[in-house]
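The file final.txt comes next; it holds compact mmCIF, C-alpha atoms.
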```
# COMPACT_ATOMS: atom_id res chain seq x y z
CA MET A 1 42.43 77.05 1.52
CA GLY A 2 44.88 79.60 0.19
CA MET A 3 44.79 81.44 -3.13
CA LEU A 4 47.00 78.93 -4.95
CA ASP A 5 44.79 76.07 -3.81
CA HIS A 6 42.32 77.15 -6.52
CA TRP A 7 42.83 76.58 -10.25
CA GLN A 8 44.35 79.81 -11.57
CA PRO A 9 45.00 80.80 -15.18
CA ALA A 10 48.72 81.59 -15.30
CA ALA A 11 49.30 82.21 -19.01
CA ARG A 12 47.77 81.91 -22.43
CA SER A 13 48.67 78.71 -24.27
CA CYS A 14 49.91 80.71 -27.25
CA ASP A 15 52.47 82.50 -25.05
CA LEU A 16 54.11 79.29 -23.80
CA ARG A 17 56.34 77.90 -26.52
CA GLN A 18 59.85 76.44 -26.36
CA LYS A 19 61.22 78.83 -23.75
CA PRO A 20 60.14 78.83 -20.08
CA LEU A 21 57.79 81.55 -18.96
CA GLY A 22 58.03 83.34 -15.62
CA VAL A 23 54.72 84.34 -14.05
CA MET A 24 53.62 85.61 -10.65
CA VAL A 25 50.47 84.13 -9.10
CA ALA A 26 49.26 85.17 -5.66
CA GLY A 27 52.70 86.47 -4.75
CA GLN A 28 54.45 83.24 -5.78
CA PRO A 29 56.93 83.24 -8.70
CA LEU A 30 56.36 80.29 -11.04
CA ALA A 31 58.37 78.98 -13.98
CA VAL A 32 56.05 77.40 -16.54
CA PHE A 33 57.48 75.23 -19.32
CA ARG A 34 56.59 72.54 -21.82
CA THR A 35 58.08 69.06 -21.86
CA THR A 36 59.20 67.33 -25.06
CA ALA A 37 55.64 66.12 -25.60
CA GLY A 38 54.31 69.66 -25.25
CA THR A 39 52.75 69.00 -21.85
CA PRO A 40 52.86 72.09 -19.62
CA ALA A 41 54.54 71.95 -16.22
CA ALA A 42 55.13 74.49 -13.45
CA VAL A 43 57.68 74.75 -10.65
CA SER A 44 58.85 77.48 -8.33
CA ASP A 45 60.75 80.15 -10.26
CA VAL A 46 63.51 80.17 -7.64
CA CYS A 47 66.37 77.71 -8.08
CA PRO A 48 67.06 76.19 -4.61
CA HIS A 49 70.80 76.27 -5.34
CA ARG A 50 71.56 79.99 -5.68
CA ARG A 51 68.09 81.52 -6.22
CA LEU A 52 68.34 82.38 -9.91
CA LYS A 53 65.05 82.49 -11.79
CA LEU A 54 64.55 79.14 -13.49
CA SER A 55 62.49 80.92 -16.14
CA ALA A 56 65.74 82.59 -17.28
CA GLY A 57 67.03 79.17 -18.31
CA GLU A 58 65.96 76.73 -21.00
CA VAL A 59 64.12 73.46 -21.43
CA VAL A 60 66.25 70.37 -22.05
CA GLY A 61 64.17 67.31 -22.82
CA ASP A 62 61.53 67.10 -20.11
CA ARG A 63 63.45 69.27 -17.63
CA ILE A 64 63.95 72.96 -17.05
CA ARG A 65 67.63 73.90 -16.72
CA CYS A 66 68.92 76.76 -14.60
CA LYS A 67 71.09 79.16 -16.59
CA TYR A 68 73.42 79.81 -13.63
CA HIS A 69 74.94 76.39 -12.85
CA GLY A 70 72.99 73.97 -15.04
CA TRP A 71 70.87 72.35 -12.36
CA THR A 72 67.76 70.74 -13.87
CA PHE A 73 64.28 70.03 -12.54
CA ASP A 74 61.51 67.82 -13.85
CA ALA A 75 57.75 68.48 -13.79
CA CYS A 76 57.55 67.13 -10.24
CA GLY A 77 60.32 69.44 -9.01
CA ASN A 78 62.97 66.74 -8.66
CA GLY A 79 66.39 68.31 -9.18
CA GLU A 80 69.80 67.17 -10.38
CA SER A 81 73.20 68.87 -10.32
CA PRO A 82 75.73 68.20 -13.12
CA ALA A 83 78.59 69.11 -10.78
CA ALA A 84 77.39 66.89 -7.93
CA PRO A 85 75.43 63.92 -9.39
CA LYS A 86 74.90 62.34 -5.98
CA LEU A 87 73.33 65.50 -4.57
CA THR A 88 69.54 65.34 -4.53
CA THR A 89 67.25 68.29 -4.25
CA CYS A 90 63.73 69.31 -5.11
CA THR A 91 61.63 72.42 -5.51
CA THR A 92 57.92 73.12 -5.31
CA SER A 93 55.90 71.89 -8.27
CA TYR A 94 52.27 72.49 -9.17
CA ASP A 95 49.35 70.72 -10.76
CA VAL A 96 49.00 72.04 -14.31
CA ARG A 97 46.17 71.81 -16.79
CA GLU A 98 45.82 73.22 -20.30
CA GLU A 99 42.27 74.01 -21.30
CA ARG A 100 40.33 76.65 -23.24
CA GLY A 101 43.55 78.17 -24.51
CA LEU A 102 44.97 78.82 -21.05
CA ILE A 103 47.58 77.22 -18.79
CA TRP A 104 46.06 76.66 -15.33
CA VAL A 105 47.93 75.93 -12.10
CA LYS A 106 47.14 75.03 -8.50
CA SER A 107 48.92 73.55 -5.51
CA ARG A 108 49.34 69.78 -5.57
CA SER A 109 47.80 69.40 -2.11
CA SER A 110 44.47 70.92 -3.16
CA SER A 111 41.47 69.06 -4.55
CA ALA A 112 39.65 72.18 -5.77
CA ALA A 113 37.22 71.66 -8.65
CA PHE A 114 38.06 73.12 -12.05
CA PRO A 115 35.84 76.11 -12.89
CA THR A 116 32.89 75.43 -15.18
CA ILE A 117 33.08 77.19 -18.53
CA ASP A 118 29.81 76.83 -20.45
CA ALA A 119 30.08 78.15 -24.00
CA GLU A 120 27.65 75.74 -25.63
CA GLY A 121 26.13 77.39 -28.69
CA TYR A 122 28.64 80.27 -28.63
CA PHE A 123 31.44 81.04 -31.08
CA PRO A 124 34.89 81.77 -29.58
CA ILE A 125 35.97 85.37 -30.14
CA GLY A 126 39.35 85.26 -28.42
CA ILE A 127 41.40 85.24 -25.24
CA LEU A 128 42.66 88.53 -23.84
CA GLU A 129 45.11 89.28 -21.06
CA HIS A 130 45.43 92.59 -19.23
CA THR A 131 47.31 93.81 -16.18
CA ILE A 132 45.46 96.03 -13.72
CA PRO A 133 47.44 98.32 -11.40
CA ALA A 134 45.22 97.61 -8.42
CA PRO A 135 44.62 94.97 -5.72
CA LEU A 136 42.27 92.08 -6.41
CA GLU A 137 39.26 93.59 -4.63
CA LEU A 138 39.46 96.87 -6.55
CA ALA A 139 39.82 95.05 -9.86
CA VAL A 140 36.72 92.99 -9.08
CA ASP A 141 34.86 96.11 -7.89
CA ASN A 142 35.40 97.77 -11.25
CA PHE A 143 33.98 94.93 -13.30
CA ASN A 144 31.19 94.18 -10.83
CA GLU A 145 29.34 97.48 -11.14
CA ILE A 146 27.86 99.10 -14.22
CA GLU A 147 27.44 102.72 -13.07
CA HIS A 148 30.80 103.72 -14.55
CA SER A 149 29.69 102.63 -18.04
CA GLY A 150 27.97 105.98 -18.45
CA THR A 151 31.34 107.74 -18.70
CA VAL A 152 33.98 105.06 -19.32
CA HIS A 153 32.57 102.69 -21.95
CA ASP A 154 31.43 103.09 -25.56
CA THR A 155 29.60 99.81 -26.22
CA PHE A 156 28.68 97.85 -23.09
CA GLY A 157 26.67 100.16 -20.88
CA TYR A 158 24.04 102.81 -20.31
CA GLU A 159 23.52 106.46 -21.14
CA LEU A 160 24.79 108.68 -18.35
CA THR A 161 21.63 110.81 -18.37
CA LYS A 162 19.45 107.68 -18.06
CA LEU A 163 21.36 105.71 -15.43
CA HIS A 164 18.55 106.43 -12.98
CA GLU A 165 16.29 104.30 -15.21
CA VAL A 166 18.51 101.22 -15.01
CA LYS A 167 16.92 98.40 -13.05
CA VAL A 168 19.31 96.52 -10.76
CA ARG A 169 18.62 93.19 -9.06
CA ILE A 170 21.11 91.32 -6.86
CA GLU A 171 20.93 87.70 -5.73
CA SER A 172 23.49 85.82 -3.67
CA THR A 173 24.24 82.32 -2.42
CA GLU A 174 26.98 80.99 -0.17
CA ASP A 175 29.44 80.80 -3.05
CA ALA A 176 28.16 83.17 -5.76
CA VAL A 177 26.80 86.66 -6.36
CA THR A 178 24.55 87.45 -9.33
CA VAL A 179 23.69 90.94 -10.60
CA MET A 180 21.07 91.66 -13.27
CA ASN A 181 20.87 95.08 -14.94
CA ALA A 182 18.60 96.39 -17.69
CA GLY A 183 18.15 99.91 -18.98
CA PRO A 184 18.41 102.31 -21.94
CA THR A 185 21.47 101.42 -24.01
CA LYS A 186 24.26 103.81 -24.86
CA ARG A 187 24.23 105.22 -28.36
CA LEU A 188 26.68 102.92 -30.12
CA ASN A 189 29.08 103.49 -32.98
CA TRP A 190 27.00 103.30 -36.16
CA LEU A 191 28.87 100.21 -37.43
CA TYR A 192 28.26 98.22 -34.24
CA ALA A 193 24.68 99.39 -34.08
CA LEU A 194 24.19 98.20 -37.65
CA LEU A 195 25.85 94.82 -37.09
CA LEU A 196 24.01 94.18 -33.84
CA GLY A 197 20.67 95.47 -35.12
CA ILE A 198 20.37 97.97 -32.27
CA ARG A 199 17.90 100.82 -32.54
CA ARG A 200 17.39 104.00 -30.60
CA GLY A 201 15.37 103.31 -27.46
CA ASP A 202 16.59 99.71 -27.11
CA LEU A 203 17.51 98.20 -23.75
CA PHE A 204 20.92 96.86 -22.82
CA HIS A 205 20.95 93.81 -20.55
CA ASP A 206 24.05 93.17 -18.45
CA HIS A 207 23.88 90.09 -16.23
CA TRP A 208 26.82 88.55 -14.43
CA THR A 209 27.59 85.94 -11.81
CA THR A 210 30.79 86.05 -9.77
CA ARG A 211 32.24 82.91 -8.21
CA PHE A 212 35.24 82.61 -5.95
CA SER A 213 37.12 79.35 -6.57
CA PRO A 214 38.91 80.93 -8.38
CA VAL A 215 37.61 84.51 -8.48
CA HIS A 216 35.88 84.98 -11.84
CA SER A 217 32.81 86.64 -13.30
CA VAL A 218 30.63 85.38 -16.16
CA PHE A 219 29.05 88.24 -18.11
CA ASP A 220 26.10 87.95 -20.47
CA HIS A 221 25.47 91.03 -22.65
CA TRP A 222 22.55 91.44 -25.03
CA TRP A 223 20.11 94.04 -26.36
CA THR A 224 16.34 93.98 -26.80
CA GLY A 225 13.59 96.31 -27.90
CA ALA A 226 12.15 98.67 -25.31
CA ASP A 227 9.40 96.16 -24.43
CA GLU A 228 12.00 93.33 -24.12
CA SER A 229 9.97 91.21 -26.54
CA ARG A 230 12.62 90.78 -29.22
CA GLU A 231 16.33 90.19 -28.78
CA ARG A 232 18.67 91.89 -31.22
CA MET A 233 21.16 90.13 -33.50
CA ALA A 234 24.05 89.19 -31.20
CA ARG A 235 24.74 88.17 -27.63
CA TRP A 236 28.05 88.07 -25.76
CA ARG A 237 29.30 85.76 -23.01
CA ILE A 238 32.58 86.73 -21.37
CA TYR A 239 34.46 84.87 -18.65
CA ILE A 240 36.87 87.13 -16.75
CA PHE A 241 39.31 85.48 -14.32
CA PHE A 242 40.96 87.75 -11.76
CA VAL A 243 44.45 86.58 -10.76
CA PRO A 244 46.35 88.56 -8.11
CA GLN A 245 50.02 88.89 -8.99
CA ASP A 246 50.81 90.50 -5.68
CA GLU A 247 49.12 92.87 -3.24
CA LYS A 248 49.14 95.75 -5.74
CA THR A 249 48.62 94.17 -9.16
CA THR A 250 45.98 91.93 -10.70
CA ARG A 251 46.06 90.15 -14.05
CA ILE A 252 42.82 89.34 -15.80
CA PHE A 253 42.25 86.70 -18.45
CA SER A 254 39.11 87.16 -20.56
CA LEU A 255 37.54 84.31 -22.54
CA ALA A 256 35.14 85.91 -25.01
CA TYR A 257 32.31 84.18 -26.86
CA ALA A 258 29.38 85.38 -28.93
CA LYS A 259 26.41 84.03 -30.82
CA SER A 260 24.43 85.56 -33.63
CA ARG A 261 20.96 85.29 -35.12
CA TYR A 262 22.30 85.83 -38.62
CA PRO A 263 22.08 82.83 -40.99
CA GLY A 264 25.06 80.72 -41.95
CA PRO A 265 27.85 78.95 -40.05
CA ALA A 266 28.46 80.56 -36.64
CA GLY A 267 25.95 83.26 -37.61
CA GLY A 268 28.59 85.02 -39.68
CA LEU A 269 30.75 85.66 -36.61
CA ARG A 270 33.88 84.32 -38.30
CA LEU A 271 33.84 87.38 -40.54
CA VAL A 272 33.68 89.89 -37.67
CA LYS A 273 35.58 87.96 -35.01
CA TRP A 274 38.53 90.37 -35.25
CA LEU A 275 36.20 93.37 -34.89
CA PHE A 276 34.43 91.95 -31.82
CA ARG A 277 37.76 91.05 -30.23
CA GLN A 278 39.11 94.54 -30.91
CA GLU A 279 36.06 96.17 -29.35
CA LEU A 280 36.23 94.04 -26.21
CA ASP A 281 39.93 94.79 -25.85
CA LYS A 282 39.20 98.51 -26.13
CA GLU A 283 36.48 98.31 -23.47
CA ILE A 284 38.74 96.45 -21.03
CA ARG A 285 41.61 98.84 -21.67
CA ALA A 286 39.28 101.68 -20.73
CA ASP A 287 38.75 99.98 -17.36
CA VAL A 288 42.49 99.51 -16.89
CA ALA A 289 43.19 103.15 -17.71
CA MET A 290 40.60 104.29 -15.17
CA LEU A 291 42.19 102.25 -12.38
CA TYR A 292 45.51 104.02 -12.96
CA ASN A 293 43.81 107.14 -11.66
CA LEU A 294 42.58 105.92 -8.28
CA ALA A 295 43.52 108.31 -5.48
CA ASP A 296 43.49 105.54 -2.86
CA TYR A 297 44.25 101.86 -3.40
CA SER A 298 43.09 100.64 0.00
CA THR A 299 40.50 97.89 -0.27
CA GLY A 300 38.25 98.83 2.64
CA ILE A 301 34.79 100.17 1.84
CA GLU A 302 34.05 101.73 5.20
CA GLY A 303 33.32 105.44 4.87
CA LEU A 304 32.59 105.30 1.12
CA LYS A 305 29.41 106.91 -0.15
CA LEU A 306 27.96 103.91 -1.98
CA SER A 307 25.01 103.88 -4.39
CA ARG A 308 22.48 101.20 -5.31
CA PHE A 309 24.96 99.90 -7.91
CA ASP A 310 27.55 99.26 -5.20
CA LYS A 311 25.65 96.93 -2.88
CA VAL A 312 27.51 94.01 -4.43
CA LEU A 313 30.89 95.22 -3.09
CA GLY A 314 30.40 93.90 0.43
CA LEU A 315 29.02 90.58 -0.83
CA THR A 316 32.02 89.91 -3.04
CA ARG A 317 34.52 90.91 -0.36
CA GLU A 318 33.04 88.49 2.17
CA ARG A 319 33.28 85.62 -0.31
CA ILE A 320 36.78 86.55 -1.49
CA ASN A 321 37.97 86.44 2.11
CA ARG A 322 36.10 83.29 3.10
CA ILE A 323 36.25 81.12 -0.04
CA TYR A 324 39.24 82.37 -2.00
CA ARG A 325 41.66 83.44 0.70
CA GLY A 326 40.43 80.91 3.23
CA GLU A 327 40.25 83.46 6.01
CA VAL A 328 38.37 82.58 9.17
CA PRO A 329 37.07 85.44 11.35
CA GLY A 330 39.34 85.87 14.35
CA ARG A 331 42.22 83.94 12.77
CA LEU A 332 45.18 84.87 10.61
CA ALA A 333 44.73 84.48 6.84
CA LEU A 334 46.15 81.32 5.34
CA ALA A 335 49.23 81.68 3.12
```

Rendering of file as structure tokens:
Amino acid sequence: MGMLDHWQPAARSCDLRQKPLGVMVAGQPLAVFRTTAGTPAAVSDVCPHRRLKLSAGEVVGDRIRCKYHGWTFDACGNGESPAAPKLTTCTTSYDVREERGLIWVKSRSSSAAFPTIDAEGYFPIGILEHTIPAPLELAVDNFNEIEHSGTVHDTFGYELTKLHEVKVRIESTEDAVTVMNAGPTKRLNWLYALLLGIRRGDLFHDHWTTRFSPVHSVFDHWWTGADESRERMARWRIYIFFVPQDEKTTRIFSLAYAKSRYPGPAGGLRLVKWLFRQELDKEIRADVAMLYNLADYSTGIEGLKLSRFDKVLGLTRERINRIYRGEVPGRLALA
């Protein structure tokens, strides 16, 4: 399998309206558009006539029309030319699915399963999109270790001076890697501490599982008392999908959910949804800003001085290569 053989989030539903949208997924330019019925479709963003971007055109009925010479293409990639009606042509089209507020795409030849998103009992906080100036592996590395939370993050993480107290446990299967962390929480902003019911001496729990078809991590964040006997007032669940644009850039789509122990509908989360969304956006932006400052963007880990928090790096790389990229040892990677 290649990278586009997996279901990939290509855009947020709210960003795809009447005009086509040009996106890059795994090095392939795609033009995403909606038909008259509002159904999303995706074709190659390269007109086979004279190579103009189809996303620069417009949607006419159920077809996307090239702005250069007016050639049109339907959701299956079948093309027509107004100047040469008898001329037939086609371009690559993709399977498209709209779910959870995202537009998903994959190659038509693939039978990959759609990723499981389990938010039962959680209230939706929002969908965020960020662009990371780093290759896929380095983007995943950043989100799949918690050691940097001591200096980079304000809410989700551990005190720098107490990182040595954080307990780390790693489990892996053929197609997943799970990391479980627990340790003394950072001292939070007073408002968040009040809302979440967090007290000095509490523990922050950061568990995640990373899967590779497509590459995504499911994070569960919560706080308890020092003896772990009582959970505090709110818990987060965040799905982060890592989508390589090209060899140097990765887009991430974050589906954020939360649940609360407060009384009332949705545990009162409707009132603070904007605040929770804003805080998550700030935390992710802190990660993005840090990756702008890497001195070396090579993805190899040989020669690095790795700590106990970094043992997951090799596990994720092996599964990215084998499951996501479809690479077989001793053979060339699939396109």

So, with only C-alpha atoms as the atoms that count, which of A:Ala56, A:Ala84, A:Ala37, A:Leu128 lies closest to A:Asp15?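 Residue with the minimum atom-to-atom distance to A:Asp15: A:Leu128.
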
All residues 7 Å or closer to stretch 277-291 of chain A, only C-alpha atoms, same chain fewer than 5 positions away omitted, as JSON, numbers by chain: {"A": [125, 126, 132, 133, 134, 152, 153]}

Where's the centre, and what are the edge lengths in Å to one decimal, of a box along x, y and z enclosing all listed atoms of stretch 193-207 of chain A padded 6 Å per side, as AutoDock Vina command-line options?
```
--center_x 20.6 --center_y 97.0 --center_z -26.9 --size_x 22.5 --size_y 25.9 --size_z 33.4
```

Shell of 6 Å around stretch 198-212 of chain A, all atoms listed in the file, local chain residues under 3 positions omitted, as a list of chain:residue names: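 Skipping anything fewer than 3 positions along the chain leaves A:Ala176, A:Val177, A:Thr178, A:Val179, A:Met180, A:Asn181, A:Ala182, A:Gly183, A:Pro184, A:Thr185, A:Ala193, A:Val215, A:His216, A:Ser217, A:Val218, A:Phe219, A:Asp220, A:His221, A:Trp222, A:Trp223, A:Thr224, A:Gly225, A:Ala226, A:Tyr324.
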
Hey, which of A:Ser55, A:Gln245, A:Asn144, A:Gln8 ends up closest to A:Gly314? Count only C-alpha atoms.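 When distances to A:Gly314 are compared using only C-alpha atoms, the smallest one comes from A:Asn144.
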
Determine, counting only C-alpha atoms, which protein, DNA and RNA residues have an atom within 12 Å of an atom of A:Leu138; residues of the same chain fewer than 5 positions away are not included. Present the result as a VMD selection string. chain A and resid 132 to 133 143 to 145 242 244 247 to 250 287 to 288 290 to 292 294 296 to 301 313 to 314 316 to 317 320

As a PyMOL selection string, please: the residues near stretch 57-64 of chain A (cut-off 12 Å, only C-alpha atoms, same-chain neighbours under 5 positions excluded). chain A and resi 16-22+31-47+52+69-80+91+93

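Distance annotation: of A:Leu102, A:Leu255, A:Ala295, A:Leu271, the residue with the minimal separation from A:Trp7 is A:Leu102; atom set is all atoms listed in the file.
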
Calculate how many Å separate atom CA of A:His49 from atom CA of A:Tyr68, rounding to one decimal. 9.4 Å

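Using only C-alpha atoms, the shortest contact distance between A:Ser109 and any of A:Glu302, A:Asp95, A:Asp246, A:Asp175 is found at A:Asp95.
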
What does the distance between atom CA of A:Lys162 and atom CA of A:Glu147 come to in Å, to one decimal place? 10.6 Å

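Counting all atoms listed in the file, the residue from A:Ser149, A:Gln28, A:Ser13, A:Thr173 that sits nearest to A:Arg97 is A:Ser13.
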
Quick one: pull the distance between atom CA of A:Ser107 and atom CA of A:Ile323, Å, one decimal. 15.7 Å
